[in-house]
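Below: the structure, in C-alpha cells.
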Amino acid sequence: APVRPPGAAAANGMAADDPPVEFELEMEDAPGPPTPDEVLMFNAPAKGYLCPLTANSYGIDFLSFTVRDVETNKELFRIARDPNEPPIDISTLTPEMEDQVRSITYDFGRNFLRMKQVGTTLNFSVGPQPVENFRMIERHYFENRLIKSFDFTFGFCIPNSTNSWEAIYEVPALDDALVEQMIEKPYATKSDSFYFVGDTLIMHNKAAYAYTAVGD
C-alpha cells in the first residue's frame, strides 16, 4: 500500500484520535484536471479531488515521508510503508477508502507555528516510464484564506528508480492573532498537494492540520 504523505492516515507530531475532519469524497466536477498555472491561482481548498487515482500512470509510489525542524533537526513526524503489505487494487476502493489513501491529518503542536523552516524528505519509486519535470505545488489555507503557496521541482526520474526528494519550507511569519485562531480551531488549516509531470496533474492529496499537541 502506498504511503499517504504530503497531503494520508491520521498522523501526528503528537497523536490525534479520530479528528473531526471531513474532505469531499467525490471527484470535483470540472472539464479537466487543472494546469500548474491554474492551481497557482486557487484561493481556497479544492472541494474534491481534481484527478482520479488512475491518473498516476507513471507508477509513482510514496515509500516514506518525514518532517523535521530545520533549525534543531528534530524529527516531527515520520511514516513509512510496510514493505510486506501488498499493493492496493484501486479498482476496489470505495470513495471513503479512496479518501483514506489520499488525505492525512497532522497535529504538530503550537510551537510548529513559530518555526522558521521545516524540512521534508519524501522517498518514492517510479515505474518503467521516465518521469520528466516532476513538480509539486502545495497550497495552504486557514478558513479558506490562502496562507502560503509552495512550489518544488524534483526534475527527472529514471525508470524503475527509487528517489529521495528533500524540500525546505520557509514558514511564513504569522501575526499573533492568526496563530491563536489556528490553535483554537483544529483542522481548519488545510492544504492541497498537486503533483505534476510536465503540465499534467497525476496526483492530488489533501491534508488538515491542528496545533494542539503537547510535549513538543
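Order determines the names: the first chain of the C-alpha cells is A, the second B, and so forth; residues in each chain are numbered 1 upward, and ligands are numbered 1 upward as they are shown.
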
**Message:** Please list as JSON, numbers by chain every residue within 12 Å of stretch 56-59 of chain A, counting only C-alpha atoms and excluding residues in the same chain fewer than 6 positions away.
**Reply:** {"A": [2, 87, 90, 124, 125, 126, 127, 128, 129, 130, 131, 132, 134, 157, 158, 159, 160, 161, 162, 194, 195, 196, 197, 200, 201, 202, 203, 204]}

If we count only C-alpha atoms, what is near A:Ile147 at a cut-off of 10 Å, once residues fewer than 4 positions away on the same chain are taken out, given as a short mmCIF file (atom, residue, chain, number, x, y, z; two decimals) with C-alpha atoms, in the first residue's frame?
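Full text of part.cif as output:
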```cif
data_model
loop_
_atom_site.label_atom_id
_atom_site.label_comp_id
_atom_site.auth_asym_id
_atom_site.auth_seq_id
_atom_site.Cartn_x
_atom_site.Cartn_y
_atom_site.Cartn_z
CA ASN A 43 -7.71 30.93 -3.36
CA ARG A 139 -1.36 25.46 -1.25
CA HIS A 140 -2.05 26.09 2.45
CA TYR A 141 -5.23 27.74 3.74
CA PHE A 142 -6.84 28.75 7.00
CA GLU A 143 -10.62 29.00 6.78
CA VAL A 171 7.34 29.05 7.32
CA PRO A 172 5.53 32.37 6.79
CA ALA A 173 5.56 34.93 9.58
CA LEU A 174 2.11 34.86 11.14
CA THR A 189 -5.94 24.76 8.42
CA LYS A 190 -5.85 22.68 5.24
CA SER A 191 -3.69 22.09 2.21
#
```

**Request:** Return as an MDAnalysis selection string the full set of residues in stretch 41-198 of chain A whose backbone-based DSSP assignment is strand (DSSP E or B).
**Result:** chainID A and resid 49 61:69 75:80 103:107 117:125 131:142 145:157 162:170 189:197

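For chain A, the set of residues given alpha helix (DSSP H) by DSSP on the backbone reads Pro36, Asp37, Glu38, Val39, Pro95, Glu96, Met97, Glu98, Asp99, Gln100, Val101, Arg102, Asp176, Ala177, Leu178, Val179, Glu180, Gln181, Met182, Ile183 and Glu184 of chain A.
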
Once you have the residues from the selection above, write them out as a tab-separated table (two decimals), in the first residue's frame, restricted to N, CA, C and O atoms.
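Wrote result-v6.tsv, looks like this:
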```tsv
chain	number	residue	atom	x	y	z
A	36	PRO	N	-0.61	23.63	-13.85
A	36	PRO	CA	0.10	24.31	-12.76
A	36	PRO	C	-0.29	25.78	-12.62
A	36	PRO	O	-0.47	26.27	-11.50
A	37	ASP	N	-0.41	26.48	-13.73
A	37	ASP	CA	-0.76	27.90	-13.66
A	37	ASP	C	-2.14	28.10	-13.03
A	37	ASP	O	-2.36	29.06	-12.28
A	38	GLU	N	-3.06	27.21	-13.32
A	38	GLU	CA	-4.40	27.32	-12.75
A	38	GLU	C	-4.38	27.04	-11.25
A	38	GLU	O	-5.04	27.73	-10.46
A	39	VAL	N	-3.63	26.01	-10.85
A	39	VAL	CA	-3.51	25.68	-9.43
A	39	VAL	C	-2.95	26.86	-8.64
A	39	VAL	O	-3.39	27.15	-7.52
A	95	PRO	N	-15.42	5.39	-2.34
A	95	PRO	CA	-14.99	6.78	-2.14
A	95	PRO	C	-14.40	7.03	-0.76
A	95	PRO	O	-13.42	7.77	-0.61
A	96	GLU	N	-14.97	6.41	0.29
A	96	GLU	CA	-14.44	6.60	1.64
A	96	GLU	C	-13.04	6.00	1.77
A	96	GLU	O	-12.16	6.59	2.39
A	97	MET	N	-12.82	4.83	1.18
A	97	MET	CA	-11.50	4.21	1.22
A	97	MET	C	-10.50	5.03	0.42
A	97	MET	O	-9.34	5.18	0.82
A	98	GLU	N	-10.94	5.58	-0.70
A	98	GLU	CA	-10.03	6.40	-1.51
A	98	GLU	C	-9.61	7.65	-0.75
A	98	GLU	O	-8.45	8.05	-0.81
A	99	ASP	N	-10.53	8.23	0.01
A	99	ASP	CA	-10.18	9.41	0.79
A	99	ASP	C	-9.12	9.07	1.83
A	99	ASP	O	-8.23	9.88	2.09
A	100	GLN	N	-9.16	7.87	2.41
A	100	GLN	CA	-8.15	7.47	3.38
A	100	GLN	C	-6.78	7.35	2.71
A	100	GLN	O	-5.75	7.61	3.35
A	101	VAL	N	-6.75	6.98	1.46
A	101	VAL	CA	-5.49	6.87	0.73
A	101	VAL	C	-4.93	8.24	0.36
A	101	VAL	O	-3.72	8.43	0.29
A	102	ARG	N	-5.81	9.21	0.17
A	102	ARG	CA	-5.39	10.49	-0.40
A	102	ARG	C	-5.38	11.65	0.59
A	102	ARG	O	-5.09	12.78	0.19
A	176	ASP	N	0.17	37.30	15.73
A	176	ASP	CA	-0.26	36.58	16.94
A	176	ASP	C	-1.73	36.22	16.90
A	176	ASP	O	-2.13	35.13	17.34
A	177	ALA	N	-2.55	37.12	16.38
A	177	ALA	CA	-3.99	36.86	16.36
A	177	ALA	C	-4.31	35.66	15.46
A	177	ALA	O	-5.13	34.81	15.82
A	178	LEU	N	-3.65	35.58	14.31
A	178	LEU	CA	-3.89	34.46	13.41
A	178	LEU	C	-3.38	33.15	14.02
A	178	LEU	O	-4.04	32.11	13.91
A	179	VAL	N	-2.22	33.19	14.65
A	179	VAL	CA	-1.69	32.00	15.32
A	179	VAL	C	-2.69	31.47	16.34
A	179	VAL	O	-2.97	30.26	16.40
A	180	GLU	N	-3.25	32.35	17.16
A	180	GLU	CA	-4.21	31.92	18.17
A	180	GLU	C	-5.45	31.32	17.53
A	180	GLU	O	-6.00	30.33	18.02
A	181	GLN	N	-5.90	31.90	16.44
A	181	GLN	CA	-7.06	31.34	15.74
A	181	GLN	C	-6.76	29.94	15.21
A	181	GLN	O	-7.60	29.03	15.29
A	182	MET	N	-5.57	29.75	14.66
A	182	MET	CA	-5.21	28.45	14.11
A	182	MET	C	-5.09	27.40	15.21
A	182	MET	O	-5.41	26.23	15.00
A	183	ILE	N	-4.65	27.81	16.41
A	183	ILE	CA	-4.58	26.89	17.53
A	183	ILE	C	-5.98	26.56	18.05
A	183	ILE	O	-6.29	25.41	18.36
A	184	GLU	N	-6.82	27.58	18.12
A	184	GLU	CA	-8.16	27.40	18.69
A	184	GLU	C	-9.11	26.66	17.75
A	184	GLU	O	-10.16	26.17	18.20
```

**Item:** Residue contacts of stretch 163-165 of chain A (6 Å, only C-alpha atoms) excluding same-chain residues fewer than 5 positions away, as a VMD selection string
**Value:** chain A and resid 121 to 124
